[in-house]
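Asks: coords-v2.cif (mmCIF, C-alpha atoms; chains and numbers go by the auth columns) pasted underneath:
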data_work
loop_
_atom_site.group_PDB
_atom_site.id
_atom_site.type_symbol
_atom_site.label_atom_id
_atom_site.label_comp_id
_atom_site.label_asym_id
_atom_site.label_seq_id
_atom_site.Cartn_x
_atom_site.Cartn_y
_atom_site.Cartn_z
_atom_site.B_iso_or_equiv
_atom_site.auth_seq_id
_atom_site.auth_asym_id
ATOM 1 C CA MET A 1 -35.919 30.065 57.210 0.00 1 A
ATOM 2 C CA SER A 2 -38.195 33.081 57.571 0.00 2 A
ATOM 3 C CA PHE A 3 -41.124 33.349 59.952 0.00 3 A
ATOM 4 C CA ALA A 4 -43.595 33.214 57.041 0.00 4 A
ATOM 5 C CA ALA A 5 -42.112 29.932 55.788 0.00 5 A
ATOM 6 C CA ALA A 6 -42.074 28.461 59.302 0.00 6 A
ATOM 7 C CA PHE A 7 -45.739 29.329 59.857 0.00 7 A
ATOM 8 C CA PHE A 8 -46.597 27.992 56.402 0.00 8 A
ATOM 9 C CA TYR A 9 -45.089 24.582 57.169 0.00 9 A
ATOM 10 C CA LEU A 10 -46.723 24.581 60.619 0.00 10 A
ATOM 11 C CA PHE A 11 -50.206 25.362 59.289 0.00 11 A
ATOM 12 C CA ALA A 12 -49.791 23.016 56.321 0.00 12 A
ATOM 13 C CA CYS A 13 -48.686 20.042 58.427 0.00 13 A
ATOM 14 C CA ILE A 14 -51.510 20.492 60.935 0.00 14 A
ATOM 15 C CA LEU A 15 -53.990 20.951 58.084 0.00 15 A
ATOM 16 C CA VAL A 16 -52.949 17.745 56.326 0.00 16 A
ATOM 17 C CA GLY A 17 -52.928 15.796 59.607 0.00 17 A
ATOM 18 C CA SER A 18 -56.352 17.037 60.684 0.00 18 A
ATOM 19 C CA ALA A 19 -57.790 16.365 57.207 0.00 19 A
ATOM 20 C CA PHE A 20 -56.545 12.786 57.436 0.00 20 A
ATOM 21 C CA MET A 21 -58.111 12.427 60.885 0.00 21 A
ATOM 22 C CA VAL A 22 -61.450 13.688 59.513 0.00 22 A
ATOM 23 C CA ILE A 23 -61.764 10.680 57.213 0.00 23 A
ATOM 24 C CA SER A 24 -60.129 8.152 59.530 0.00 24 A
ATOM 25 C CA SER A 25 -61.910 8.874 62.837 0.00 25 A
ATOM 26 C CA ARG A 26 -64.556 6.351 63.810 0.00 26 A
ATOM 27 C CA ASN A 27 -66.522 8.820 65.899 0.00 27 A
ATOM 28 C CA PRO A 28 -68.306 11.453 63.746 0.00 28 A
ATOM 29 C CA VAL A 29 -68.046 14.024 66.531 0.00 29 A
ATOM 30 C CA TYR A 30 -64.247 13.724 66.471 0.00 30 A
ATOM 31 C CA SER A 31 -64.347 14.052 62.688 0.00 31 A
ATOM 32 C CA VAL A 32 -66.216 17.360 62.976 0.00 32 A
ATOM 33 C CA LEU A 33 -63.762 18.642 65.590 0.00 33 A
ATOM 34 C CA PHE A 34 -60.816 17.772 63.337 0.00 34 A
ATOM 35 C CA LEU A 35 -62.660 19.472 60.483 0.00 35 A
ATOM 36 C CA ILE A 36 -62.870 22.658 62.558 0.00 36 A
ATOM 37 C CA LEU A 37 -59.124 22.391 63.228 0.00 37 A
ATOM 38 C CA ALA A 38 -58.505 22.013 59.487 0.00 38 A
ATOM 39 C CA PHE A 39 -60.592 25.125 58.765 0.00 39 A
ATOM 40 C CA VAL A 40 -58.669 27.187 61.311 0.00 40 A
ATOM 41 C CA ASN A 41 -55.300 26.184 59.847 0.00 41 A
ATOM 42 C CA ALA A 42 -56.552 26.869 56.325 0.00 42 A
ATOM 43 C CA ALA A 43 -57.532 30.330 57.536 0.00 43 A
ATOM 44 C CA GLY A 44 -53.969 30.789 58.757 0.00 44 A
ATOM 45 C CA LEU A 45 -52.691 29.923 55.279 0.00 45 A
ATOM 46 C CA PHE A 46 -55.061 32.473 53.755 0.00 46 A
ATOM 47 C CA ILE A 47 -53.696 35.143 56.095 0.00 47 A
ATOM 48 C CA LEU A 48 -50.147 34.319 55.005 0.00 48 A
ATOM 49 C CA ILE A 49 -50.982 35.035 51.355 0.00 49 A
ATOM 50 C CA GLY A 50 -52.763 38.294 52.203 0.00 50 A
ATOM 51 C CA ALA A 51 -56.368 37.108 51.801 0.00 51 A
ATOM 52 C CA GLU A 52 -57.563 38.140 55.247 0.00 52 A
ATOM 53 C CA PHE A 53 -61.203 38.394 54.154 0.00 53 A
ATOM 54 C CA LEU A 54 -61.268 34.760 53.011 0.00 54 A
ATOM 55 C CA ALA A 55 -59.632 33.718 56.287 0.00 55 A
ATOM 56 C CA LEU A 56 -62.296 35.473 58.358 0.00 56 A
ATOM 57 C CA ILE A 57 -65.106 34.102 56.204 0.00 57 A
ATOM 58 C CA LEU A 58 -63.673 30.601 56.570 0.00 58 A
ATOM 59 C CA VAL A 59 -63.649 30.891 60.355 0.00 59 A
ATOM 60 C CA VAL A 60 -66.948 32.725 60.793 0.00 60 A
ATOM 61 C CA VAL A 61 -69.041 30.882 58.191 0.00 61 A
ATOM 62 C CA TYR A 62 -67.624 27.373 58.064 0.00 62 A
ATOM 63 C CA VAL A 63 -66.441 26.976 61.641 0.00 63 A
ATOM 64 C CA GLY A 64 -69.163 29.050 63.252 0.00 64 A
ATOM 65 C CA ALA A 65 -72.070 27.810 61.156 0.00 65 A
ATOM 66 C CA VAL A 66 -71.535 24.843 58.861 0.00 66 A
ATOM 67 C CA ALA A 67 -69.303 22.682 61.070 0.00 67 A
ATOM 68 C CA VAL A 68 -71.245 23.433 64.267 0.00 68 A
ATOM 69 C CA LEU A 69 -74.553 22.825 62.468 0.00 69 A
ATOM 70 C CA PHE A 70 -73.264 19.505 61.170 0.00 70 A
ATOM 71 C CA LEU A 71 -72.086 18.572 64.655 0.00 71 A
ATOM 72 C CA PHE A 72 -75.478 19.278 66.216 0.00 72 A
ATOM 73 C CA VAL A 73 -77.293 17.472 63.379 0.00 73 A
ATOM 74 C CA VAL A 74 -75.146 14.378 63.945 0.00 74 A
ATOM 75 C CA MET A 75 -75.830 14.522 67.677 0.00 75 A
ATOM 76 C CA MET A 76 -79.591 15.077 67.271 0.00 76 A
ATOM 77 C CA LEU A 77 -80.137 12.434 64.590 0.00 77 A
ATOM 78 C CA ASP A 78 -78.673 9.716 66.829 0.00 78 A
ATOM 79 C CA VAL A 79 -77.601 7.663 63.800 0.00 79 A
ATOM 80 C CA ASP A 80 -76.631 4.061 64.448 0.00 80 A
ATOM 81 C CA PHE A 81 -73.229 4.020 62.718 0.00 81 A
ATOM 82 C CA VAL A 82 -72.670 0.375 63.565 0.00 82 A
ATOM 83 C CA GLU A 83 -75.655 -0.523 61.420 0.00 83 A
ATOM 84 C CA LEU A 84 -74.432 1.735 58.617 0.00 84 A
ATOM 85 C CA ARG A 85 -71.011 0.073 58.555 0.00 85 A
ATOM 86 C CA GLN A 86 -72.552 -3.371 58.098 0.00 86 A
ATOM 87 C CA GLY A 87 -73.256 -2.709 54.401 0.00 87 A
ATOM 88 C CA PHE A 88 -69.919 -1.012 53.781 0.00 88 A
ATOM 89 C CA LEU A 89 -68.367 -3.827 51.763 0.00 89 A
ATOM 90 C CA GLN A 90 -71.122 -3.903 49.158 0.00 90 A
ATOM 91 C CA TYR A 91 -70.457 -0.235 48.295 0.00 91 A
ATOM 92 C CA LEU A 92 -66.677 -0.626 48.357 0.00 92 A
ATOM 93 C CA PRO A 93 -66.204 -1.327 44.602 0.00 93 A
ATOM 94 C CA VAL A 94 -68.240 1.744 43.634 0.00 94 A
ATOM 95 C CA GLY A 95 -66.317 3.861 46.154 0.00 95 A
ATOM 96 C CA VAL A 96 -62.994 2.636 44.782 0.00 96 A
ATOM 97 C CA VAL A 97 -64.020 3.513 41.220 0.00 97 A
ATOM 98 C CA VAL A 98 -65.203 6.998 42.228 0.00 98 A
ATOM 99 C CA GLY A 99 -62.011 7.539 44.245 0.00 99 A
ATOM 100 C CA LEU A 100 -59.830 6.547 41.282 0.00 100 A
ATOM 101 C CA ILE A 101 -61.738 8.956 39.052 0.00 101 A
ATOM 102 C CA PHE A 102 -61.171 11.803 41.512 0.00 102 A
ATOM 103 C CA LEU A 103 -57.498 10.872 41.798 0.00 103 A
ATOM 104 C CA ALA A 104 -57.104 10.884 38.013 0.00 104 A
ATOM 105 C CA GLU A 105 -58.757 14.302 37.825 0.00 105 A
ATOM 106 C CA LEU A 106 -56.418 15.682 40.486 0.00 106 A
ATOM 107 C CA VAL A 107 -53.376 14.285 38.689 0.00 107 A
ATOM 108 C CA LEU A 108 -54.518 15.817 35.400 0.00 108 A
ATOM 109 C CA VAL A 109 -55.160 19.197 37.022 0.00 109 A
ATOM 110 C CA VAL A 110 -51.819 19.269 38.828 0.00 110 A
ATOM 111 C CA GLY A 111 -49.949 18.003 35.773 0.00 111 A
ATOM 112 C CA ALA A 112 -51.473 20.599 33.465 0.00 112 A
ATOM 113 C CA TRP A 113 -51.173 23.455 35.939 0.00 113 A
ATOM 114 C CA ALA A 114 -49.217 26.451 34.724 0.00 114 A
ATOM 115 C CA SER A 115 -48.802 29.979 35.992 0.00 115 A
ATOM 116 C CA GLY A 116 -49.579 32.720 33.508 0.00 116 A
ATOM 117 C CA PRO A 117 -47.196 35.620 32.951 0.00 117 A
ATOM 118 C CA GLY A 118 -49.514 38.147 34.552 0.00 118 A
ATOM 119 C CA VAL A 119 -50.508 36.162 37.644 0.00 119 A
ATOM 120 C CA SER A 120 -47.969 37.745 39.983 0.00 120 A
ATOM 121 C CA VAL A 121 -48.842 41.219 38.720 0.00 121 A
ATOM 122 C CA ALA A 122 -52.577 40.605 39.239 0.00 122 A
ATOM 123 C CA ARG A 123 -51.962 39.146 42.703 0.00 123 A
ATOM 124 C CA ASN A 124 -49.920 42.136 43.793 0.00 124 A
ATOM 125 C CA ALA A 125 -52.533 44.464 42.343 0.00 125 A
ATOM 126 C CA VAL A 126 -55.238 42.864 44.459 0.00 126 A
ATOM 127 C CA MET A 127 -53.117 42.884 47.617 0.00 127 A
ATOM 128 C CA THR A 128 -52.246 46.567 47.141 0.00 128 A
ATOM 129 C CA TYR A 129 -55.785 47.611 46.209 0.00 129 A
ATOM 130 C CA PRO A 130 -56.410 51.158 47.466 0.00 130 A
ATOM 131 C CA ARG A 131 -59.638 50.267 49.277 0.00 131 A
ATOM 132 C CA GLY A 132 -58.473 46.949 50.675 0.00 132 A
ATOM 133 C CA ASN A 133 -58.698 43.281 49.898 0.00 133 A
ATOM 134 C CA THR A 134 -62.346 43.050 50.995 0.00 134 A
ATOM 135 C CA HIS A 135 -63.473 45.774 48.599 0.00 135 A
ATOM 136 C CA ALA A 136 -61.557 44.219 45.706 0.00 136 A
ATOM 137 C CA LEU A 137 -63.091 40.808 46.328 0.00 137 A
ATOM 138 C CA GLY A 138 -66.589 42.236 46.676 0.00 138 A
ATOM 139 C CA GLN A 139 -66.163 44.221 43.473 0.00 139 A
ATOM 140 C CA VAL A 140 -65.446 41.036 41.536 0.00 140 A
ATOM 141 C CA LEU A 141 -67.899 38.799 43.395 0.00 141 A
ATOM 142 C CA TYR A 142 -70.968 41.030 43.085 0.00 142 A
ATOM 143 C CA THR A 143 -70.351 42.100 39.492 0.00 143 A
ATOM 144 C CA ASP A 144 -68.792 39.287 37.461 0.00 144 A
ATOM 145 C CA TYR A 145 -69.966 36.306 39.545 0.00 145 A
ATOM 146 C CA ILE A 146 -73.245 37.525 41.009 0.00 146 A
ATOM 147 C CA TYR A 147 -75.312 34.675 39.492 0.00 147 A
ATOM 148 C CA PHE A 148 -72.940 32.014 40.799 0.00 148 A
ATOM 149 C CA PHE A 149 -73.074 33.692 44.210 0.00 149 A
ATOM 150 C CA GLN A 150 -76.871 33.529 44.229 0.00 150 A
ATOM 151 C CA ILE A 151 -76.825 29.869 43.159 0.00 151 A
ATOM 152 C CA ALA A 152 -74.448 29.057 46.019 0.00 152 A
ATOM 153 C CA GLY A 153 -76.845 30.800 48.407 0.00 153 A
ATOM 154 C CA PHE A 154 -79.757 28.667 47.183 0.00 154 A
ATOM 155 C CA VAL A 155 -77.687 25.499 47.612 0.00 155 A
ATOM 156 C CA LEU A 156 -76.927 26.438 51.233 0.00 156 A
ATOM 157 C CA LEU A 157 -80.612 27.223 51.802 0.00 157 A
ATOM 158 C CA VAL A 158 -81.635 23.787 50.519 0.00 158 A
ATOM 159 C CA ALA A 159 -79.012 22.170 52.766 0.00 159 A
ATOM 160 C CA MET A 160 -80.348 24.053 55.788 0.00 160 A
ATOM 161 C CA ILE A 161 -83.942 23.038 55.028 0.00 161 A
ATOM 162 C CA GLY A 162 -82.832 19.420 54.600 0.00 162 A
ATOM 163 C CA ALA A 163 -81.120 19.454 57.993 0.00 163 A
ATOM 164 C CA ILE A 164 -84.258 20.831 59.631 0.00 164 A
ATOM 165 C CA VAL A 165 -86.475 18.216 57.966 0.00 165 A
ATOM 166 C CA LEU A 166 -84.177 15.398 59.092 0.00 166 A
ATOM 167 C CA THR A 167 -84.316 16.524 62.719 0.00 167 A
ATOM 168 C CA LEU A 168 -88.122 16.822 62.779 0.00 168 A
ATOM 169 C CA ARG A 169 -88.835 13.124 62.789 0.00 169 A
ATOM 170 C CA HIS A 170 -91.963 12.275 64.762 0.00 170 A
ATOM 171 C CA LYS A 171 -91.270 9.771 67.497 0.00 171 A
ATOM 172 C CA PRO A 172 -93.988 7.355 68.627 0.00 172 A
ATOM 173 C CA ASN A 173 -95.752 7.791 71.974 0.00 173 A
ATOM 174 C CA VAL A 174 -94.979 11.514 72.038 0.00 174 A
ATOM 175 C CA LYS A 175 -97.899 13.934 72.255 0.00 175 A
ATOM 176 C CA ARG A 176 -97.732 16.762 69.745 0.00 176 A
ATOM 177 C CA GLN A 177 -99.948 19.737 69.111 0.00 177 A
ATOM 178 C CA ASN A 178 -102.128 19.342 66.018 0.00 178 A
ATOM 179 C CA ILE A 179 -103.309 22.836 65.169 0.00 179 A
ATOM 180 C CA SER A 180 -105.575 21.806 62.274 0.00 180 A
ATOM 181 C CA ALA A 181 -107.398 19.290 64.489 0.00 181 A
ATOM 182 C CA GLN A 182 -107.845 21.920 67.188 0.00 182 A
ATOM 183 C CA VAL A 183 -109.252 24.489 64.778 0.00 183 A
ATOM 184 C CA ALA A 184 -111.610 21.934 63.216 0.00 184 A
ATOM 185 C CA ARG A 185 -113.211 21.003 66.564 0.00 185 A
ATOM 186 C CA THR A 186 -116.951 21.525 66.921 0.00 186 A
ATOM 187 C CA PRO A 187 -119.064 21.726 70.073 0.00 187 A
ATOM 188 C CA GLU A 188 -120.213 18.162 69.444 0.00 188 A
ATOM 189 C CA THR A 189 -116.664 16.830 69.470 0.00 189 A
ATOM 190 C CA ALA A 190 -115.307 19.255 72.064 0.00 190 A
ATOM 191 C CA MET A 191 -117.642 18.339 74.898 0.00 191 A
ATOM 192 C CA GLU A 192 -119.682 15.419 76.070 0.00 192 A
ATOM 193 C CA VAL A 193 -122.806 15.723 78.201 0.00 193 A
ATOM 194 C CA VAL A 194 -123.025 12.983 80.803 0.00 194 A
ATOM 195 C CA LYS A 195 -126.281 12.479 82.640 0.00 195 A
ATOM 196 C CA VAL A 196 -125.633 11.403 86.194 0.00 196 A
ATOM 197 C CA ARG A 197 -128.390 9.961 88.252 0.00 197 A
ATOM 198 C CA PRO A 198 -128.946 11.330 91.725 0.00 198 A
ATOM 199 C CA GLY A 199 -126.884 9.574 94.301 0.00 199 A
ATOM 200 C CA GLN A 200 -124.366 8.199 91.768 0.00 200 A
ATOM 201 C CA GLY A 201 -121.044 9.745 91.159 0.00 201 A
ATOM 202 C CA LEU A 202 -118.978 9.806 88.040 0.00 202 A
#
Give the structure from this file in structure tokens form.

Replies:
Amino acid sequence: MSFAAAFFYLFACILVGSAFMVISSRNPVYSVLFLILAFVNAAGLFILIGAEFLALILVVVYVGAVAVLFLFVVMMLDVDFVELRQGFLQYLPVGVVVGLIFLAELVLVVGAWASGPGVSVARNAVMTYPRGNTHALGQVLYTDYIYFFQIAGFVLLVAMIGAIVLTLRHKPNVKRQNISAQVARTPETAMEVVKVRPGQGL
């Protein structure tokens, strides 16, 4: 067995195990940590097939931004997961149906999968691109798929705004600065003249 095959089986086994732990962990923080482990091992698989740019993007973007952002959102929201699990059984039939649909789609995709005659030639052409794998990927991404790239950027922007809105919940009994109320103050509402008689204090 070659070193490439040994590393492939190592990364693949850890990736499958960590992916299973993501959906089976009771603590959401542990799920995010296993998700980061899955991303790192997926990056190792990308490096094995020569897609070093995708591996770096997976680590920098998903591990450094998306997973960490999700972890901090979970910690800041302070969601009561015990209360959420109480209504789990009523959504179980719908979840089973959706899961079976996804499973059927995966079976159909894997069953109908076929490798074209020019796939290996195209793959080698990309890996031996004169200006590198990054330039080849950027050439395709920003020319043929530029609209899809922009749509993906808008989706991530909406997700970021949603995370910010969820964390800005106003808690009771906490004083906050109301700028509009401060600007709208008048001398009549800003001060009060108290007439104190001589010999009497406030």

Asks: Please evaluate the PyMOL selection byres ((chain A and resi 47-63) around 12) against the displayed coordinates and give the resulting residues as a ChimeraX atom specification.

Replies: /A:3-12,32-46,64-71,123-129,132-138,156

Asks: Tell me which of A:Ile151, A:Val193, A:Val73, A:Val16 sits closest to Val165 (chain A), counting all atoms listed in the file.

Replies: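 Closest to Val165 (chain A) of all the choices is A:Val73.
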
Asks: How far is it from CA of Ile23 (chain A) to CA of Phe148 (chain A), in Å with one decimal?

Replies: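 CA of Ile23 (chain A) sits 29.1 Å away from CA of Phe148 (chain A).
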
Asks: For CA of Phe72 (chain A) and CA of Val29 (chain A), quote the distance in Å rounded to one decimal.

Replies: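 Interatomic distance here is 9.1 Å.
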
Asks: Given only C-alpha atoms as the basis, pick out the residue of A:Val158, A:Ala181, A:Val96, A:Val74 nearest to Asn27 (chain A).

Replies: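 Under the stated criterion, the closest residue is A:Val74.
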
Asks: Can you put N, CA, C and O atoms back into region 5-29 of chain A and show it as a PDB file, keeping the file's coordinate frame?

Replies:
ATOM      1  N   ALA A   5     -42.291  31.313  56.220  1.00  0.00           N
ATOM      2  CA  ALA A   5     -42.112  29.932  55.788  1.00  0.00           C
ATOM      3  C   ALA A   5     -42.345  28.959  56.946  1.00  0.00           C
ATOM      4  O   ALA A   5     -42.950  27.895  56.765  1.00  0.00           O
ATOM      5  N   ALA A   6     -41.880  29.332  58.142  1.00  0.00           N
ATOM      6  CA  ALA A   6     -42.074  28.461  59.302  1.00  0.00           C
ATOM      7  C   ALA A   6     -43.558  28.308  59.626  1.00  0.00           C
ATOM      8  O   ALA A   6     -44.047  27.191  59.874  1.00  0.00           O
ATOM      9  N   PHE A   7     -44.304  29.413  59.598  1.00  0.00           N
ATOM     10  CA  PHE A   7     -45.739  29.329  59.857  1.00  0.00           C
ATOM     11  C   PHE A   7     -46.462  28.588  58.742  1.00  0.00           C
ATOM     12  O   PHE A   7     -47.455  27.886  58.987  1.00  0.00           O
ATOM     13  N   PHE A   8     -45.974  28.729  57.503  1.00  0.00           N
ATOM     14  CA  PHE A   8     -46.597  27.992  56.402  1.00  0.00           C
ATOM     15  C   PHE A   8     -46.473  26.487  56.619  1.00  0.00           C
ATOM     16  O   PHE A   8     -47.451  25.746  56.488  1.00  0.00           O
ATOM     17  N   TYR A   9     -45.283  26.014  56.947  1.00  0.00           N
ATOM     18  CA  TYR A   9     -45.089  24.582  57.169  1.00  0.00           C
ATOM     19  C   TYR A   9     -45.870  24.109  58.397  1.00  0.00           C
ATOM     20  O   TYR A   9     -46.401  22.989  58.416  1.00  0.00           O
ATOM     21  N   LEU A  10     -45.956  24.954  59.427  1.00  0.00           N
ATOM     22  CA  LEU A  10     -46.723  24.581  60.619  1.00  0.00           C
ATOM     23  C   LEU A  10     -48.199  24.417  60.290  1.00  0.00           C
ATOM     24  O   LEU A  10     -48.817  23.387  60.607  1.00  0.00           O
ATOM     25  N   PHE A  11     -48.789  25.432  59.639  1.00  0.00           N
ATOM     26  CA  PHE A  11     -50.206  25.362  59.289  1.00  0.00           C
ATOM     27  C   PHE A  11     -50.479  24.227  58.299  1.00  0.00           C
ATOM     28  O   PHE A  11     -51.501  23.531  58.409  1.00  0.00           O
ATOM     29  N   ALA A  12     -49.578  24.046  57.336  1.00  0.00           N
ATOM     30  CA  ALA A  12     -49.791  23.016  56.321  1.00  0.00           C
ATOM     31  C   ALA A  12     -49.747  21.616  56.931  1.00  0.00           C
ATOM     32  O   ALA A  12     -50.577  20.760  56.603  1.00  0.00           O
ATOM     33  N   CYS A  13     -48.789  21.372  57.805  1.00  0.00           N
ATOM     34  CA  CYS A  13     -48.686  20.042  58.427  1.00  0.00           C
ATOM     35  C   CYS A  13     -49.899  19.736  59.297  1.00  0.00           C
ATOM     36  O   CYS A  13     -50.461  18.629  59.245  1.00  0.00           O
ATOM     37  N   ILE A  14     -50.329  20.715  60.095  1.00  0.00           N
ATOM     38  CA  ILE A  14     -51.510  20.492  60.935  1.00  0.00           C
ATOM     39  C   ILE A  14     -52.748  20.322  60.075  1.00  0.00           C
ATOM     40  O   ILE A  14     -53.629  19.489  60.380  1.00  0.00           O
ATOM     41  N   LEU A  15     -52.834  21.064  58.977  1.00  0.00           N
ATOM     42  CA  LEU A  15     -53.990  20.951  58.084  1.00  0.00           C
ATOM     43  C   LEU A  15     -54.070  19.571  57.445  1.00  0.00           C
ATOM     44  O   LEU A  15     -55.147  18.949  57.423  1.00  0.00           O
ATOM     45  N   VAL A  16     -52.948  19.071  56.950  1.00  0.00           N
ATOM     46  CA  VAL A  16     -52.949  17.745  56.326  1.00  0.00           C
ATOM     47  C   VAL A  16     -53.255  16.664  57.366  1.00  0.00           C
ATOM     48  O   VAL A  16     -54.034  15.729  57.114  1.00  0.00           O
ATOM     49  N   GLY A  17     -52.669  16.781  58.558  1.00  0.00           N
ATOM     50  CA  GLY A  17     -52.928  15.796  59.607  1.00  0.00           C
ATOM     51  C   GLY A  17     -54.378  15.795  60.060  1.00  0.00           C
ATOM     52  O   GLY A  17     -54.987  14.725  60.226  1.00  0.00           O
ATOM     53  N   SER A  18     -54.951  16.973  60.256  1.00  0.00           N
ATOM     54  CA  SER A  18     -56.352  17.037  60.684  1.00  0.00           C
ATOM     55  C   SER A  18     -57.296  16.572  59.581  1.00  0.00           C
ATOM     56  O   SER A  18     -58.319  15.945  59.860  1.00  0.00           O
ATOM     57  N   ALA A  19     -56.953  16.851  58.313  1.00  0.00           N
ATOM     58  CA  ALA A  19     -57.790  16.365  57.207  1.00  0.00           C
ATOM     59  C   ALA A  19     -57.770  14.843  57.145  1.00  0.00           C
ATOM     60  O   ALA A  19     -58.795  14.207  56.866  1.00  0.00           O
ATOM     61  N   PHE A  20     -56.612  14.246  57.407  1.00  0.00           N
ATOM     62  CA  PHE A  20     -56.545  12.786  57.436  1.00  0.00           C
ATOM     63  C   PHE A  20     -57.366  12.223  58.589  1.00  0.00           C
ATOM     64  O   PHE A  20     -58.032  11.189  58.451  1.00  0.00           O
ATOM     65  N   MET A  21     -57.345  12.899  59.742  1.00  0.00           N
ATOM     66  CA  MET A  21     -58.111  12.427  60.885  1.00  0.00           C
ATOM     67  C   MET A  21     -59.616  12.578  60.660  1.00  0.00           C
ATOM     68  O   MET A  21     -60.420  11.845  61.254  1.00  0.00           O
ATOM     69  N   VAL A  22     -60.022  13.531  59.807  1.00  0.00           N
ATOM     70  CA  VAL A  22     -61.450  13.688  59.513  1.00  0.00           C
ATOM     71  C   VAL A  22     -62.021  12.433  58.861  1.00  0.00           C
ATOM     72  O   VAL A  22     -63.121  11.988  59.191  1.00  0.00           O
ATOM     73  N   ILE A  23     -61.254  11.850  57.940  1.00  0.00           N
ATOM     74  CA  ILE A  23     -61.764  10.680  57.213  1.00  0.00           C
ATOM     75  C   ILE A  23     -61.412   9.364  57.891  1.00  0.00           C
ATOM     76  O   ILE A  23     -61.921   8.316  57.500  1.00  0.00           O
ATOM     77  N   SER A  24     -60.532   9.403  58.880  1.00  0.00           N
ATOM     78  CA  SER A  24     -60.129   8.152  59.530  1.00  0.00           C
ATOM     79  C   SER A  24     -60.733   7.968  60.915  1.00  0.00           C
ATOM     80  O   SER A  24     -60.651   6.864  61.463  1.00  0.00           O
ATOM     81  N   SER A  25     -61.325   8.998  61.498  1.00  0.00           N
ATOM     82  CA  SER A  25     -61.910   8.874  62.837  1.00  0.00           C
ATOM     83  C   SER A  25     -63.187   8.055  62.773  1.00  0.00           C
ATOM     84  O   SER A  25     -64.013   8.228  61.869  1.00  0.00           O
ATOM     85  N   ARG A  26     -63.349   7.174  63.742  1.00  0.00           N
ATOM     86  CA  ARG A  26     -64.556   6.351  63.810  1.00  0.00           C
ATOM     87  C   ARG A  26     -65.736   7.112  64.389  1.00  0.00           C
ATOM     88  O   ARG A  26     -66.876   6.854  64.030  1.00  0.00           O
ATOM     89  N   ASN A  27     -65.460   8.028  65.287  1.00  0.00           N
ATOM     90  CA  ASN A  27     -66.522   8.820  65.899  1.00  0.00           C
ATOM     91  C   ASN A  27     -66.787  10.058  65.043  1.00  0.00           C
ATOM     92  O   ASN A  27     -65.870  10.831  64.769  1.00  0.00           O
ATOM     93  N   PRO A  28     -68.029  10.277  64.590  1.00  0.00           N
ATOM     94  CA  PRO A  28     -68.306  11.453  63.746  1.00  0.00           C
ATOM     95  C   PRO A  28     -68.110  12.770  64.467  1.00  0.00           C
ATOM     96  O   PRO A  28     -67.814  13.780  63.830  1.00  0.00           O
ATOM     97  N   VAL A  29     -68.281  12.788  65.779  1.00  0.00           N
ATOM     98  CA  VAL A  29     -68.046  14.024  66.531  1.00  0.00           C
ATOM     99  C   VAL A  29     -66.572  14.408  66.469  1.00  0.00           C
ATOM    100  O   VAL A  29     -66.226  15.586  66.280  1.00  0.00           O
TER     101      VAL A  29
END
